[in-house]
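The structure appears right after this line, and notes come after that.
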Amino acid sequence: MSTHEWSVDELRRWGTTALQALGDFVEGSRRGEGRPVKLRDIEVLVDELDLTRRLREGGLDHAGFTAFLDRFLAGATSLHHPGYMCHQVAVPHFAASIADLVSGVLNNGMSVYEMGPTASACERAVIQWMLGKVGWDDAAGSGGAGVLTHGGSLANLTALLAARARAFPQAWEQGTPPEAVVLAPPASHYSISRAVAIMGLGTAALQPLPVDRLGRLRPDEAAQAIERAVHEGRAVMAVCANACATATGLYDDLTAVGAACRAHDLWLHVDAAHGGSALVSPRERHHLAGLEHADSLVWDAHKLLQTSTLCAGVLTRRRGDLSAAFRQQASYVMDENQRIGVDVMEHQVECTKAPLGLKLALVLSVTGDAGMARHLETLVDLTRRAQGRIAARPGFEVLCDPESNILCFRHAGDDAHNSQLRQALLADGRFHLSQADVDGHRWLRITLMNPGTDEAVIDALLDTIETLAAGSSAAEA
Ligand SMILES: *Cc1c(COP(=O)(O)O)cnc(C)c1O
């Protein structure tokens with residue numbers, strides 16, 4: 001008789017129940033049932049789910065789990081709902097979801113090869129695939145390196161550590177020189193300034209590059225600013241560019257900035273957490289022209305490559321640059337027989353890491369390059385059509401032509417009016433969108449992650465905004 005505390009039968013029964021319930025949830029969401037977002041007080045939810053008692057007493061059985069899951073799903077945000085257009089988080093492909101289940105059972109926590117040989121093989125293949133899309137693979141004669149991390153924020157930190165190792169090889173032992181600076185557009189994701197602060201430079205070391213009113217680098221002025229920093233003798237650790245910027249979805253021109261970096265042997269880091277996926281599309285990859293000048297790149301698969309959270313790639317053009325990021329020895333996990341590129345731990349912040357590569361490996365195994373390109377292009381096309389619908393509607397204004405699947409727009413009125421609209425939409429729950437401050441104004445911001453968000457959904461959103469706006473002006477009168 002087994003002395004285990006739970007039986008394999010329970011794994012099968014709970015798993016079958018969960019997959020059934022999740023299938024129903026996705027199906028209902030796709031049909032537009034329920035609301036994509038239902039914001040309620042967190043204490044009420046802790047009570048409703050009876051969590052305090054459950055955690056103390058234990059004893060949940062299959063029937064209890066079934067009831068719990070129903071309640072849990074009823075309060076969950078649904079990315080599968082066509083009204084979901086909020087954050088840059090993928091509507092996961094079923095193959096990614098299944099990968100999470102497989103990984104959760106195996107728990108092949110990676111950092112050393114022996115803890116997950118097949119998971120490591122998936123990560124290696126996925127990294128080679130990414131390097132190939134960038135043009136940094138062995139086939140291109142470049143021989144780049146890469147690693148998967150838990151998200152773009154950690155990936156940006158990793159890339160900047162690699163930049164630091166190149167600019168200041170003594171920094172790992174002696175700390176970052178106090179005069180070090182990082183040049184970046186102010187529209188950079190906040191994880192860049194966090195990384196700079198975490199590395200001990202202080203956010204004052206982050207110096208803004210000149211941008212236009214939409215927050216894009218001004219190519220010539222940015223190149224001149226780089227030249228000026230060099231001539232003034234500044235200790236430039238890295239130059240950053242966005243591909244694309246989080247708020248607007250607009251790509252920086254990498255060519256001029258990249259040439260200035262090459263001329264002075266400065267590290268160019270391209271934050272392509274969101275927009276790197278355009279590389280899969282022969283039609284859209286021109287947005288990243290000039291990428292060949294970059295030294296490092298961050299590319300999230302859990303945004304536009306349909307994987308569940310998290311799965312982010314950090315890539316460097318030269319293989320040695322990535323291992324230089326972490327110059328450290330830990331004898332209990334690293335031994336002299338370690339094989340570079342097989343044991344990934346020397347390339348990552350994490351010690352134990354989830355087998356992130358399996359998700360993208362499985363999704364790509366279903367879609368192939370062509371299917372993935374189609375997915376990306378579908379979302380970009382939807383965004384252009386949404387722009388057309390919004391721009392044609394009196395009382396609405398669009399910020400700019402979209403280059404990705406992100407679009408900012410406003411309803412006639414001031415910033416406070418648009419903020420109130422976003423709050424009212426959140427409370428209503430039929431449409432989930434975000435907001436952004438660009439060009440001195442507050443904008444409503446949609447990110448079309450869901451291929452089910454068609455023009456009818458956009459029209460319904462605009463109708464709802466008009467109704468909410470009429471309601472609030474009636475309330476004020
Ligand atoms: C989303 C995003 C990030 C952060 O990535 P996470 O995976 O959410 O940590 C960084 N940079 C840019 C440009 C992004 O769009």
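Labels for the structure tokens follow display order: chains A, B, ..., residues from 1 in each chain, ligands from 1.
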Determine, using only C-alpha atoms and all ligand atoms, which residues of chain A have any atom at most 7 Å from an atom of ligand 1, and tabulate each with its shortest atom pair and distance in Å to one decimal place, rows ordered by chain and then rising number, as JSON lines.
```
{"residue": "A:Gln88", "atom": "CA", "partner": "ligand 1", "partner_atom_place_in_ligand_line": "1 (C)", "distance": 6.4}
{"residue": "A:Gly151", "atom": "CA", "partner": "ligand 1", "partner_atom_place_in_ligand_line": "7 (O)", "distance": 3.6}
{"residue": "A:Gly152", "atom": "CA", "partner": "ligand 1", "partner_atom_place_in_ligand_line": "5 (O)", "distance": 3.4}
{"residue": "A:Ser153", "atom": "CA", "partner": "ligand 1", "partner_atom_place_in_ligand_line": "9 (O)", "distance": 3.7}
{"residue": "A:Leu154", "atom": "CA", "partner": "ligand 1", "partner_atom_place_in_ligand_line": "9 (O)", "distance": 6.4}
{"residue": "A:Ser188", "atom": "CA", "partner": "ligand 1", "partner_atom_place_in_ligand_line": "13 (C)", "distance": 6.5}
{"residue": "A:His189", "atom": "CA", "partner": "ligand 1", "partner_atom_place_in_ligand_line": "11 (N)", "distance": 4.7}
{"residue": "A:Ser191", "atom": "CA", "partner": "ligand 1", "partner_atom_place_in_ligand_line": "10 (C)", "distance": 6.1}
{"residue": "A:Asn242", "atom": "CA", "partner": "ligand 1", "partner_atom_place_in_ligand_line": "13 (C)", "distance": 6.0}
{"residue": "A:Ala243", "atom": "CA", "partner": "ligand 1", "partner_atom_place_in_ligand_line": "13 (C)", "distance": 6.7}
{"residue": "A:Cys244", "atom": "CA", "partner": "ligand 1", "partner_atom_place_in_ligand_line": "13 (C)", "distance": 5.9}
{"residue": "A:Ala245", "atom": "CA", "partner": "ligand 1", "partner_atom_place_in_ligand_line": "13 (C)", "distance": 5.1}
{"residue": "A:Thr246", "atom": "CA", "partner": "ligand 1", "partner_atom_place_in_ligand_line": "15 (O)", "distance": 4.2}
{"residue": "A:Asp271", "atom": "CA", "partner": "ligand 1", "partner_atom_place_in_ligand_line": "13 (C)", "distance": 5.3}
{"residue": "A:Ala272", "atom": "CA", "partner": "ligand 1", "partner_atom_place_in_ligand_line": "13 (C)", "distance": 5.8}
{"residue": "A:Ala273", "atom": "CA", "partner": "ligand 1", "partner_atom_place_in_ligand_line": "12 (C)", "distance": 4.7}
{"residue": "A:His274", "atom": "CA", "partner": "ligand 1", "partner_atom_place_in_ligand_line": "15 (O)", "distance": 4.5}
{"residue": "A:Asp300", "atom": "CA", "partner": "ligand 1", "partner_atom_place_in_ligand_line": "7 (O)", "distance": 6.0}
{"residue": "A:Leu310", "atom": "CA", "partner": "ligand 1", "partner_atom_place_in_ligand_line": "7 (O)", "distance": 6.8}
{"residue": "A:Ala312", "atom": "CA", "partner": "ligand 1", "partner_atom_place_in_ligand_line": "7 (O)", "distance": 6.5}
```
Step one, run DSSP on the backbone; step two, keep only residues of stretch 217-375 of chain A assigned to strand (DSSP E); then write them as a VMD selection string.
chain A and resid 235 to 242 268 to 271 296 to 300 312 to 316
Write the residues of the preceding selection, restricted to all heavy atoms, as a short mmCIF file (atom, residue, chain, number, x, y, z; two decimals), in the first residue's frame.
```cif
data_model
loop_
_atom_site.label_atom_id
_atom_site.label_comp_id
_atom_site.auth_asym_id
_atom_site.auth_seq_id
_atom_site.Cartn_x
_atom_site.Cartn_y
_atom_site.Cartn_z
N ALA A 235 30.83 58.26 -18.94
CA ALA A 235 31.04 56.82 -18.90
C ALA A 235 29.73 56.13 -19.28
O ALA A 235 28.95 55.71 -18.43
CB ALA A 235 31.49 56.39 -17.52
N VAL A 236 29.46 56.04 -20.58
CA VAL A 236 28.18 55.50 -21.05
C VAL A 236 28.19 53.97 -20.95
O VAL A 236 28.98 53.31 -21.61
CB VAL A 236 27.90 55.93 -22.51
CG1 VAL A 236 26.57 55.34 -22.98
CG2 VAL A 236 27.88 57.45 -22.63
N MET A 237 27.31 53.44 -20.10
CA MET A 237 27.24 51.99 -19.90
C MET A 237 26.40 51.34 -21.00
O MET A 237 26.71 50.26 -21.48
CB MET A 237 26.61 51.71 -18.54
CG MET A 237 26.77 50.31 -18.06
SD MET A 237 25.97 50.10 -16.46
CE MET A 237 24.37 49.51 -17.00
N ALA A 238 25.31 52.03 -21.39
CA ALA A 238 24.44 51.49 -22.43
C ALA A 238 23.57 52.59 -23.00
O ALA A 238 23.31 53.60 -22.32
CB ALA A 238 23.55 50.38 -21.88
N VAL A 239 23.13 52.38 -24.22
CA VAL A 239 22.13 53.23 -24.86
C VAL A 239 20.92 52.33 -25.08
O VAL A 239 21.07 51.19 -25.55
CB VAL A 239 22.64 53.79 -26.21
CG1 VAL A 239 21.56 54.57 -26.93
CG2 VAL A 239 23.89 54.64 -25.99
N CYS A 240 19.72 52.81 -24.73
CA CYS A 240 18.51 51.98 -24.88
C CYS A 240 17.59 52.56 -25.95
O CYS A 240 17.53 53.78 -26.14
CB CYS A 240 17.74 51.92 -23.57
SG CYS A 240 18.66 51.21 -22.21
N ALA A 241 16.88 51.68 -26.62
CA ALA A 241 15.85 52.09 -27.58
C ALA A 241 14.65 51.16 -27.43
O ALA A 241 14.79 50.03 -26.95
CB ALA A 241 16.41 52.04 -29.00
N ASN A 242 13.49 51.65 -27.86
CA ASN A 242 12.25 50.87 -27.70
C ASN A 242 11.77 50.30 -29.03
O ASN A 242 11.71 50.99 -30.04
CB ASN A 242 11.14 51.77 -27.14
CG ASN A 242 11.39 52.14 -25.71
OD1 ASN A 242 11.72 51.29 -24.89
ND2 ASN A 242 11.26 53.43 -25.41
N LEU A 268 24.32 49.00 -27.43
CA LEU A 268 22.92 49.35 -27.74
C LEU A 268 22.02 48.22 -27.26
O LEU A 268 22.14 47.07 -27.72
CB LEU A 268 22.73 49.57 -29.24
CG LEU A 268 21.26 49.81 -29.66
CD1 LEU A 268 20.67 51.06 -29.00
CD2 LEU A 268 21.14 49.93 -31.18
N HIS A 269 21.14 48.56 -26.33
CA HIS A 269 20.14 47.59 -25.85
C HIS A 269 18.78 47.94 -26.44
O HIS A 269 18.30 49.07 -26.28
CB HIS A 269 20.07 47.61 -24.33
CG HIS A 269 18.92 46.79 -23.80
ND1 HIS A 269 18.80 45.45 -24.07
CD2 HIS A 269 17.82 47.14 -23.07
CE1 HIS A 269 17.68 45.00 -23.51
NE2 HIS A 269 17.07 45.99 -22.91
N VAL A 270 18.17 46.99 -27.12
CA VAL A 270 16.85 47.21 -27.70
C VAL A 270 15.80 46.49 -26.85
O VAL A 270 15.83 45.26 -26.73
CB VAL A 270 16.80 46.73 -29.16
CG1 VAL A 270 15.39 46.88 -29.72
CG2 VAL A 270 17.78 47.54 -30.01
N ASP A 271 14.92 47.27 -26.24
CA ASP A 271 13.84 46.68 -25.46
C ASP A 271 12.68 46.38 -26.43
O ASP A 271 11.87 47.25 -26.73
CB ASP A 271 13.39 47.64 -24.35
CG ASP A 271 12.33 47.01 -23.46
OD1 ASP A 271 11.87 45.90 -23.77
OD2 ASP A 271 11.96 47.65 -22.45
N SER A 296 22.21 43.85 -27.43
CA SER A 296 21.30 42.98 -26.68
C SER A 296 19.86 43.33 -27.04
O SER A 296 19.57 44.44 -27.50
CB SER A 296 21.51 43.13 -25.17
OG SER A 296 21.33 44.47 -24.77
N LEU A 297 19.00 42.35 -26.80
CA LEU A 297 17.59 42.49 -27.16
C LEU A 297 16.77 41.70 -26.14
O LEU A 297 17.16 40.61 -25.72
CB LEU A 297 17.38 41.88 -28.54
CG LEU A 297 15.93 41.78 -29.02
CD1 LEU A 297 15.60 43.00 -29.86
CD2 LEU A 297 15.72 40.53 -29.86
N VAL A 298 15.63 42.28 -25.76
CA VAL A 298 14.69 41.57 -24.89
C VAL A 298 13.42 41.34 -25.68
O VAL A 298 12.94 42.23 -26.38
CB VAL A 298 14.42 42.42 -23.62
CG1 VAL A 298 13.14 42.00 -22.95
CG2 VAL A 298 15.59 42.31 -22.66
N TRP A 299 12.88 40.12 -25.60
CA TRP A 299 11.73 39.74 -26.43
C TRP A 299 10.82 38.82 -25.61
O TRP A 299 11.20 37.70 -25.31
CB TRP A 299 12.27 39.06 -27.69
CG TRP A 299 11.24 38.56 -28.67
CD1 TRP A 299 9.88 38.63 -28.56
CD2 TRP A 299 11.51 37.88 -29.90
NE1 TRP A 299 9.30 38.06 -29.66
CE2 TRP A 299 10.28 37.59 -30.49
CE3 TRP A 299 12.69 37.49 -30.55
CZ2 TRP A 299 10.18 36.91 -31.71
CZ3 TRP A 299 12.59 36.82 -31.76
CH2 TRP A 299 11.34 36.54 -32.34
N ASP A 300 9.64 39.32 -25.26
CA ASP A 300 8.68 38.53 -24.48
C ASP A 300 7.84 37.63 -25.38
O ASP A 300 7.21 38.13 -26.32
CB ASP A 300 7.68 39.46 -23.75
CG ASP A 300 8.25 40.05 -22.47
OD1 ASP A 300 9.40 39.75 -22.13
OD2 ASP A 300 7.51 40.82 -21.82
N ALA A 312 10.27 35.08 -21.36
CA ALA A 312 10.94 36.22 -21.99
C ALA A 312 12.36 35.83 -22.40
O ALA A 312 13.07 35.19 -21.62
CB ALA A 312 10.99 37.40 -21.04
N GLY A 313 12.76 36.22 -23.59
CA GLY A 313 14.12 35.95 -24.06
C GLY A 313 15.01 37.16 -23.87
O GLY A 313 14.59 38.29 -24.12
N VAL A 314 16.24 36.93 -23.40
CA VAL A 314 17.30 37.94 -23.44
C VAL A 314 18.33 37.41 -24.41
O VAL A 314 18.82 36.30 -24.23
CB VAL A 314 18.08 38.07 -22.11
CG1 VAL A 314 18.90 39.35 -22.10
CG2 VAL A 314 17.22 37.94 -20.91
N LEU A 315 18.66 38.20 -25.42
CA LEU A 315 19.60 37.74 -26.43
C LEU A 315 20.77 38.72 -26.51
O LEU A 315 20.58 39.93 -26.37
CB LEU A 315 18.92 37.68 -27.81
CG LEU A 315 17.59 36.92 -27.90
CD1 LEU A 315 17.04 37.02 -29.32
CD2 LEU A 315 17.74 35.47 -27.48
N THR A 316 21.98 38.18 -26.70
CA THR A 316 23.13 39.05 -26.97
C THR A 316 23.75 38.65 -28.30
O THR A 316 23.73 37.48 -28.68
CB THR A 316 24.21 38.98 -25.87
OG1 THR A 316 24.67 37.62 -25.75
CG2 THR A 316 23.68 39.45 -24.53
#
```
Which residues are close to A:Thr203, i.e. within 12 Å by only C-alpha atoms, leaving aside same-chain residues fewer than 3 positions away? Reply as a ChimeraX atom specification.
/A:178,180-184,186,190-200,206-208
Residues of the last selection are to be written out with N, CA and C atoms, as a PDB file, in the first residue's frame.
```pdb
ATOM      1  N   PRO A 178      30.727  55.292 -10.123  1.00  0.00           N
ATOM      2  CA  PRO A 178      29.658  56.274  -9.859  1.00  0.00           C
ATOM      3  C   PRO A 178      29.366  57.185 -11.043  1.00  0.00           C
ATOM      4  N   ALA A 180      28.967  56.274 -14.114  1.00  0.00           N
ATOM      5  CA  ALA A 180      28.310  55.548 -15.207  1.00  0.00           C
ATOM      6  C   ALA A 180      26.934  56.149 -15.521  1.00  0.00           C
ATOM      7  N   VAL A 181      26.604  56.220 -16.813  1.00  0.00           N
ATOM      8  CA  VAL A 181      25.275  56.690 -17.222  1.00  0.00           C
ATOM      9  C   VAL A 181      24.671  55.727 -18.243  1.00  0.00           C
ATOM     10  N   VAL A 182      23.346  55.733 -18.299  1.00  0.00           N
ATOM     11  CA  VAL A 182      22.596  54.982 -19.315  1.00  0.00           C
ATOM     12  C   VAL A 182      21.744  56.003 -20.056  1.00  0.00           C
ATOM     13  N   LEU A 183      21.826  56.001 -21.371  1.00  0.00           N
ATOM     14  CA  LEU A 183      21.038  56.943 -22.174  1.00  0.00           C
ATOM     15  C   LEU A 183      19.809  56.208 -22.703  1.00  0.00           C
ATOM     16  N   ALA A 184      18.622  56.799 -22.498  1.00  0.00           N
ATOM     17  CA  ALA A 184      17.392  56.112 -22.911  1.00  0.00           C
ATOM     18  C   ALA A 184      16.295  57.119 -23.186  1.00  0.00           C
ATOM     19  N   PRO A 186      12.774  58.827 -22.647  1.00  0.00           N
ATOM     20  CA  PRO A 186      11.932  58.872 -21.445  1.00  0.00           C
ATOM     21  C   PRO A 186      10.738  57.913 -21.522  1.00  0.00           C
ATOM     22  N   TYR A 190       9.286  51.160 -17.320  1.00  0.00           N
ATOM     23  CA  TYR A 190       9.839  51.480 -16.002  1.00  0.00           C
ATOM     24  C   TYR A 190      10.850  50.452 -15.510  1.00  0.00           C
ATOM     25  N   SER A 191      10.833  49.259 -16.112  1.00  0.00           N
ATOM     26  CA  SER A 191      11.808  48.251 -15.674  1.00  0.00           C
ATOM     27  C   SER A 191      13.239  48.665 -16.029  1.00  0.00           C
ATOM     28  N   ILE A 192      13.406  49.568 -16.991  1.00  0.00           N
ATOM     29  CA  ILE A 192      14.755  50.058 -17.317  1.00  0.00           C
ATOM     30  C   ILE A 192      15.269  50.911 -16.156  1.00  0.00           C
ATOM     31  N   SER A 193      14.447  51.844 -15.673  1.00  0.00           N
ATOM     32  CA  SER A 193      14.932  52.692 -14.569  1.00  0.00           C
ATOM     33  C   SER A 193      15.064  51.858 -13.298  1.00  0.00           C
ATOM     34  N   ARG A 194      14.200  50.868 -13.120  1.00  0.00           N
ATOM     35  CA  ARG A 194      14.350  49.973 -11.971  1.00  0.00           C
ATOM     36  C   ARG A 194      15.671  49.227 -12.031  1.00  0.00           C
ATOM     37  N   ALA A 195      15.988  48.711 -13.233  1.00  0.00           N
ATOM     38  CA  ALA A 195      17.241  47.955 -13.384  1.00  0.00           C
ATOM     39  C   ALA A 195      18.424  48.854 -13.055  1.00  0.00           C
ATOM     40  N   VAL A 196      18.369  50.096 -13.537  1.00  0.00           N
ATOM     41  CA  VAL A 196      19.450  51.046 -13.276  1.00  0.00           C
ATOM     42  C   VAL A 196      19.579  51.283 -11.765  1.00  0.00           C
ATOM     43  N   ALA A 197      18.446  51.428 -11.097  1.00  0.00           N
ATOM     44  CA  ALA A 197      18.477  51.649  -9.647  1.00  0.00           C
ATOM     45  C   ALA A 197      18.955  50.394  -8.909  1.00  0.00           C
ATOM     46  N   ILE A 198      18.475  49.240  -9.338  1.00  0.00           N
ATOM     47  CA  ILE A 198      18.875  47.983  -8.689  1.00  0.00           C
ATOM     48  C   ILE A 198      20.387  47.776  -8.814  1.00  0.00           C
ATOM     49  N   MET A 199      20.945  48.186  -9.962  1.00  0.00           N
ATOM     50  CA  MET A 199      22.378  47.998 -10.179  1.00  0.00           C
ATOM     51  C   MET A 199      23.213  49.022  -9.424  1.00  0.00           C
ATOM     52  N   GLY A 200      22.529  49.890  -8.695  1.00  0.00           N
ATOM     53  CA  GLY A 200      23.249  50.811  -7.826  1.00  0.00           C
ATOM     54  C   GLY A 200      23.704  52.092  -8.502  1.00  0.00           C
ATOM     55  N   LEU A 206      20.231  57.723 -15.287  1.00  0.00           N
ATOM     56  CA  LEU A 206      19.459  57.463 -16.504  1.00  0.00           C
ATOM     57  C   LEU A 206      19.203  58.803 -17.189  1.00  0.00           C
ATOM     58  N   GLN A 207      19.846  59.022 -18.316  1.00  0.00           N
ATOM     59  CA  GLN A 207      19.763  60.331 -18.956  1.00  0.00           C
ATOM     60  C   GLN A 207      18.905  60.249 -20.209  1.00  0.00           C
ATOM     61  N   PRO A 208      17.955  61.219 -20.338  1.00  0.00           N
ATOM     62  CA  PRO A 208      16.990  61.136 -21.439  1.00  0.00           C
ATOM     63  C   PRO A 208      17.600  61.467 -22.794  1.00  0.00           C
TER      64      PRO A 208
END
```
Can you list every residue of stretch 433-476 of chain A that has an atom at most 12 Å from stretch 32-41 of chain A, with its nearest atom pair and the distance in Å to one decimal, using only C-alpha atoms, ordered by chain then number, as JSON lines?
```
{"residue": "A:Leu433", "atom": "CA", "partner": "A:Val37", "partner_atom": "CA", "distance": 9.7}
{"residue": "A:Ser434", "atom": "CA", "partner": "A:Val37", "partner_atom": "CA", "distance": 12.0}
{"residue": "A:Asn450", "atom": "CA", "partner": "A:Pro36", "partner_atom": "CA", "distance": 11.7}
{"residue": "A:Gly452", "atom": "CA", "partner": "A:Gly32", "partner_atom": "CA", "distance": 9.4}
{"residue": "A:Thr453", "atom": "CA", "partner": "A:Gly32", "partner_atom": "CA", "distance": 10.0}
{"residue": "A:Asp454", "atom": "CA", "partner": "A:Gly32", "partner_atom": "CA", "distance": 11.9}
{"residue": "A:Ala456", "atom": "CA", "partner": "A:Gly32", "partner_atom": "CA", "distance": 11.9}
{"residue": "A:Val457", "atom": "CA", "partner": "A:Gly32", "partner_atom": "CA", "distance": 9.7}
```
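Excluding A:Asp428 itself and same-chain residues fewer than 2 positions from it, the residues having an atom within 10 Å of it are A:Arg35, A:Val37, A:Lys38, A:Leu39, A:Arg422, A:Gln423, A:Ala424, A:Leu425, A:Leu426, A:Arg430, A:Phe431, A:His432, A:Thr464, A:Leu468, counting only C-alpha atoms.
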Determine, counting only C-alpha atoms, which protein, DNA and RNA residues have an atom within 12 Å of an atom of A:Ala162; residues of the same chain fewer than 2 positions away are not included. Present the result as a VMD selection string.
chain A and resid 145 to 146 155 to 160 164 to 169 171 to 172 199 237 to 238 267 to 269 295 to 297 314 to 327 346 to 349
Using only C-alpha atoms, which of the listed residues (A:Arg53, A:His441, A:His62, A:Arg31) sits closest to A:Ser78?
A:Arg31
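Of the listed residues A:Ala225, A:Val211, A:Cys122, A:Val26, the one whose atoms come nearest to A:Thr77 is A:Val26, with distances taken using only C-alpha atoms.
For the atom pair formed by atom CA of A:Leu364 and atom CA of A:Thr16, the distance is 25.2 Å, given to one decimal.
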Quick one: which stretch 431-456 of chain A residues come within 7 Å of stretch 378-395 of chain A, and what is the nearest atom pair for each with the distance in Å to one decimal, counting only C-alpha atoms, rows ordered by chain and ascending number, as a Markdown table?
```
| residue | atom | partner | partner_atom | distance |
| --- | --- | --- | --- | --- |
| A:Leu448 | CA | A:Leu379 | CA | 6.1 |
| A:Met449 | CA | A:Leu379 | CA | 6.5 |
| A:Pro451 | CA | A:Leu379 | CA | 6.2 |
| A:Asp454 | CA | A:Leu382 | CA | 6.7 |
| A:Glu455 | CA | A:Ala386 | CA | 6.3 |
```
The selected residues should be written to file as a short mmCIF file (atom, residue, chain, number, x, y, z; two decimals), in the first residue's frame (atoms: all heavy atoms).
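This went into result02.cif:
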```cif
data_model
loop_
_atom_site.label_atom_id
_atom_site.label_comp_id
_atom_site.auth_asym_id
_atom_site.auth_seq_id
_atom_site.Cartn_x
_atom_site.Cartn_y
_atom_site.Cartn_z
N LEU A 448 -4.84 45.23 -28.67
CA LEU A 448 -5.67 44.17 -29.22
C LEU A 448 -4.88 42.85 -29.24
O LEU A 448 -4.12 42.58 -30.16
CB LEU A 448 -6.20 44.56 -30.61
CG LEU A 448 -7.07 45.82 -30.58
CD1 LEU A 448 -7.72 46.09 -31.94
CD2 LEU A 448 -8.16 45.75 -29.51
N MET A 449 -5.04 42.10 -28.17
CA MET A 449 -4.34 40.82 -28.01
C MET A 449 -5.21 39.66 -28.48
O MET A 449 -4.72 38.56 -28.69
CB MET A 449 -4.01 40.57 -26.53
CG MET A 449 -3.18 41.65 -25.86
SD MET A 449 -1.58 41.96 -26.65
CE MET A 449 -0.68 40.45 -26.29
N PRO A 451 -7.72 37.84 -31.03
CA PRO A 451 -8.16 37.85 -32.43
C PRO A 451 -9.69 37.94 -32.56
O PRO A 451 -10.20 38.25 -33.64
CB PRO A 451 -7.65 36.53 -33.01
CG PRO A 451 -6.85 35.87 -31.94
CD PRO A 451 -7.03 36.60 -30.65
N ASP A 454 -13.33 42.12 -32.86
CA ASP A 454 -13.53 42.63 -34.23
C ASP A 454 -14.13 44.04 -34.20
O ASP A 454 -14.29 44.64 -33.14
CB ASP A 454 -14.39 41.66 -35.04
CG ASP A 454 -15.75 41.44 -34.38
OD1 ASP A 454 -16.09 42.18 -33.42
OD2 ASP A 454 -16.48 40.53 -34.82
N GLU A 455 -14.49 44.54 -35.39
CA GLU A 455 -15.01 45.91 -35.46
C GLU A 455 -16.33 46.08 -34.71
O GLU A 455 -16.60 47.15 -34.17
CB GLU A 455 -15.21 46.33 -36.92
CG GLU A 455 -13.91 46.71 -37.59
CD GLU A 455 -13.76 46.05 -38.93
OE1 GLU A 455 -13.77 44.79 -38.97
OE2 GLU A 455 -13.64 46.78 -39.94
#
```
From A:Ala18, A:Ala278, A:Met372, A:Ala263, residue lying nearest A:His93 [only C-alpha atoms]:
A:Met372
Quick one: residues within 10 Å of A:Ser97, only C-alpha atoms, excluding same-chain residues fewer than 2 positions away - as a CSV table (one decimal) with N, CA and C atoms, in the first residue's frame?
```
chain,number,residue,atom,x,y,z
A,92,PRO,N,-3.6,33.1,-24.1
A,92,PRO,CA,-2.7,32.0,-24.4
A,92,PRO,C,-3.3,31.0,-25.3
A,93,HIS,N,-2.4,30.5,-26.2
A,93,HIS,CA,-2.7,29.3,-27.0
A,93,HIS,C,-2.9,28.1,-26.1
A,94,PHE,N,-3.8,27.2,-26.5
A,94,PHE,CA,-4.0,26.1,-25.7
A,94,PHE,C,-2.7,25.3,-25.4
A,95,ALA,N,-1.9,25.2,-26.4
A,95,ALA,CA,-0.6,24.4,-26.2
A,95,ALA,C,0.2,25.0,-25.1
A,99,ALA,N,1.3,23.1,-21.7
A,99,ALA,CA,2.7,23.1,-21.3
A,99,ALA,C,2.8,23.4,-19.8
A,100,ASP,N,2.0,24.4,-19.3
A,100,ASP,CA,2.1,24.8,-17.9
A,100,ASP,C,1.6,23.6,-17.0
A,101,LEU,N,0.6,22.9,-17.5
A,101,LEU,CA,0.2,21.7,-16.7
A,101,LEU,C,1.2,20.6,-16.7
A,102,VAL,N,1.8,20.4,-17.8
A,102,VAL,CA,2.9,19.3,-17.9
A,102,VAL,C,4.0,19.8,-17.0
A,103,SER,N,4.5,21.0,-17.1
A,103,SER,CA,5.6,21.5,-16.3
A,103,SER,C,5.2,21.5,-14.8
A,306,GLN,N,1.8,34.3,-28.0
A,306,GLN,CA,0.7,33.4,-27.5
A,306,GLN,C,1.1,32.5,-26.4
A,307,THR,N,2.2,32.7,-25.7
A,307,THR,CA,2.4,31.9,-24.6
A,307,THR,C,1.8,32.5,-23.3
A,308,SER,N,1.5,31.6,-22.3
A,308,SER,CA,1.1,32.1,-21.0
A,308,SER,C,2.3,32.8,-20.3
A,309,THR,N,2.0,33.5,-19.3
A,309,THR,CA,3.0,34.2,-18.5
A,309,THR,C,3.8,33.1,-17.7
A,359,LYS,N,6.7,26.0,-23.2
A,359,LYS,CA,5.5,26.7,-23.7
A,359,LYS,C,5.6,27.1,-25.2
A,362,LEU,N,6.0,24.3,-27.7
A,362,LEU,CA,4.8,23.6,-28.1
A,362,LEU,C,3.9,24.5,-29.0
A,363,VAL,N,3.8,25.8,-28.6
A,363,VAL,CA,3.0,26.6,-29.4
A,363,VAL,C,3.5,26.7,-30.9
```
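Close contacts of A:Gly440, defined as residues with an atom at most 10 Å away when counting only C-alpha atoms, with chain neighbours fewer than 2 positions off set aside, comprise Arg213, Leu214, Asp415, Asp437, Val438, Arg442 and Trp443 of chain A.
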Restricting it to C-alpha atoms, dump the selection as a PDB file, in the first residue's frame.
```
ATOM      1  CA  ARG A 213       5.964  64.519 -29.232  1.00  0.00           C
ATOM      2  CA  LEU A 214       4.998  60.854 -29.473  1.00  0.00           C
ATOM      3  CA  ASP A 415      -7.836  64.477 -19.098  1.00  0.00           C
ATOM      4  CA  ASP A 437      -0.145  59.752 -20.784  1.00  0.00           C
ATOM      5  CA  VAL A 438       1.396  60.839 -24.099  1.00  0.00           C
ATOM      6  CA  ARG A 442      -4.295  61.353 -21.036  1.00  0.00           C
ATOM      7  CA  TRP A 443      -5.449  58.740 -23.557  1.00  0.00           C
TER       8      TRP A 443
END
```
Report as number ranges by chain: the residues of stretch 218-431 of chain A with a DSSP assignment of alpha helix (DSSP H), based on the backbone of this structure.
A: 219-231, 254-263, 301-304, 319-324, 357-392, 415-428
